[in-house]
Amino acid sequence: MDRPPISTPNVLAGLAAVVIIVAGLKAASSLFVPFLLAGFITLLCAPALFWMRDRGLPTPLALIVVLLGLFGIGALFGGLMSTSINEFTRSLPSYQARFGRVVAGFMARLAELGIDFGASPDEANPFDPQAALGLVGNLAGNLGTLLNNAFLIFLTVCFMLLEASSFPQKVRSAFGDSPEMEARMTEIGDSIRRYLGIKTLTSMLTGFLAYGLLLVIGVKFAPLWGLVAFLLNFVPAVGSVIAAIPAIALALVDNSPQTALVVALCYGAINVSIGNFLEPRVMGDGMGLSPLIVVLSLVFWGWVMGPVGMVLAVPLTVILRISLGSQPSTQWAAVLLGPATPALLAKREDESTSPAANA
């Protein structure tokens, strides 16, 4: 198939449009993020609603059941998170002082071995109490913002679920009977729903394992670190590593270096077993994205929309890849976003050796 020629003015106009759209998304992220979260939550809840409705339960009753379950999970999660953060915040000053002593002792041992960084223990201490308090304050502030938007998100999910059953008919009425558009929308919905569903289950497993192991080892605030492991497991590539750092640091300060090493080994075992073995087997070929694109999308969407953008980086990039692949003029960009899989390479070889290509 001959591709349409690409002219420089069209490329520049397209780049300018992208810059304007990205700037608008970043400027309106506080307004856009709650509705985006509501949309992805609706994708997760819609199959349960349709399943109960297909079993004969009236749609209003099925919707009430789904919303009650969603409200219960959100209330439990929000309450546990708020309690854990408040408790850790109250204990933080004592941990700051103890961490400073641990670092000072470590630097003194290095100095005895001839490794001198030329700084006093206070200057060499990377744990800034004010920065730590600011970090925890930001975490609590983000949680408070999310809780303040919880009613808006919950209400939006309710109306989205009401519209979910009639939305395909509205699309057909508005754009006509287009099998290509229906197939593209189905692909997007199935891909995102599968990813979020599997990622939620594996993140729950990661959080429960982290909580259980830390409880057995004797590390304090095990529920908080389990929740942190659950949340950060949604962040691809680096989330699981970042989740291990506070638990290891607390074990080093509150227990011993041996305990911190055990915690690090436990987190490593959890991340390897779930991230490298379980998730690839369940997800199959994954989301059809290049590993480099996954990391770049994490940085980009995190810059545009903050922590929520990092969590939803992969689904948003998948939507972009499928949308670009639907237009002949932008299929090259969709190919660049995807991995060079053997199936894709074989397809290209077949196309290059086909009689139509050689004609």
# chains A, B, ... in the order shown; residues from 1 in each chain; ligands from 1
call {"tool": "residues_around", "arguments": {"residues": "segment 205-221 of chain A", "least_positions_apart": "2", "cutoff": "8 Å", "atoms": "only C-alpha atoms", "output": "MDAnalysis selection string"}}
result
chainID A and resid 84 88 201:203 223:230 233 247 250:251 254:255 259 263 266:267 270:271 274
call {"tool": "write_last_selection", "arguments": {"atoms": "C-alpha atoms", "output": "JSON list (two decimals), in the first residue's frame"}}
result
[["chain", "number", "residue", "atom", "x", "y", "z"],
["A", 84, "SER", "CA", -1.17, 4.68, 58.52],
["A", 88, "PHE", "CA", 3.94, 7.35, 60.60],
["A", 201, "LEU", "CA", -4.73, -8.51, 41.05],
["A", 202, "THR", "CA", -0.93, -8.73, 40.90],
["A", 203, "SER", "CA", -0.61, -5.45, 42.82],
["A", 223, "PRO", "CA", 0.17, -2.06, 56.61],
["A", 224, "LEU", "CA", 1.51, 1.25, 55.26],
["A", 225, "TRP", "CA", 4.36, -0.40, 53.34],
["A", 226, "GLY", "CA", 1.95, -3.02, 51.99],
["A", 227, "LEU", "CA", -0.32, -0.25, 50.69],
["A", 228, "VAL", "CA", 2.68, 1.57, 49.21],
["A", 229, "ALA", "CA", 3.77, -1.65, 47.47],
["A", 230, "PHE", "CA", 0.22, -2.10, 46.11],
["A", 233, "ASN", "CA", 3.27, -1.72, 41.60],
["A", 247, "ALA", "CA", 10.71, -0.38, 54.25],
["A", 250, "LEU", "CA", 13.00, 1.67, 58.42],
["A", 251, "ALA", "CA", 14.28, -1.87, 59.03],
["A", 254, "ASP", "CA", 14.45, 0.29, 63.77],
["A", 255, "ASN", "CA", 15.92, -3.22, 63.65],
["A", 259, "THR", "CA", 16.98, -7.28, 59.07],
["A", 263, "VAL", "CA", 13.73, -7.14, 53.83],
["A", 266, "CYS", "CA", 12.16, -10.46, 50.37],
["A", 267, "TYR", "CA", 11.19, -7.49, 48.20],
["A", 270, "ILE", "CA", 8.45, -10.72, 45.40],
["A", 271, "ASN", "CA", 9.28, -8.42, 42.50],
["A", 274, "ILE", "CA", 5.48, -11.56, 40.28]]
call {"tool": "closest_residue", "arguments": {"among": "A:Leu113, A:Ala269, A:Leu68, A:Ile153", "to": "Phe40 of chain A", "atoms": "only C-alpha atoms"}}
result
A:Ile153
call {"tool": "select_by_dssp", "arguments": {"residues": "segment 117-336 of chain A", "states": "alpha helix (DSSP H)", "output": "count of residues only"}}
result
173
call {"tool": "closest_residue", "arguments": {"among": "A:Ser191, A:Ile41, A:Ala97, A:Ala264", "to": "Phe154 of chain A", "atoms": "only C-alpha atoms"}}
result
A:Ile41
call {"tool": "closest_atom_pairs", "arguments": {"of": "segment 205-255 of chain A", "to": "segment 288-303 of chain A", "cutoff": "9 Å", "atoms": "only C-alpha atoms", "output": "Markdown table"}}
result
| residue | atom | partner | partner_atom | distance |
| --- | --- | --- | --- | --- |
| A:Val235 | CA | A:Leu298 | CA | 7.5 |
| A:Pro236 | CA | A:Val294 | CA | 7.2 |
| A:Ala237 | CA | A:Val295 | CA | 6.8 |
| A:Val238 | CA | A:Val295 | CA | 8.7 |
call {"tool": "atom_distance", "arguments": {"atom1": "atom CA of Val157 of chain A", "atom2": "atom CA of Phe35 of chain A"}}
result
8.6 Å
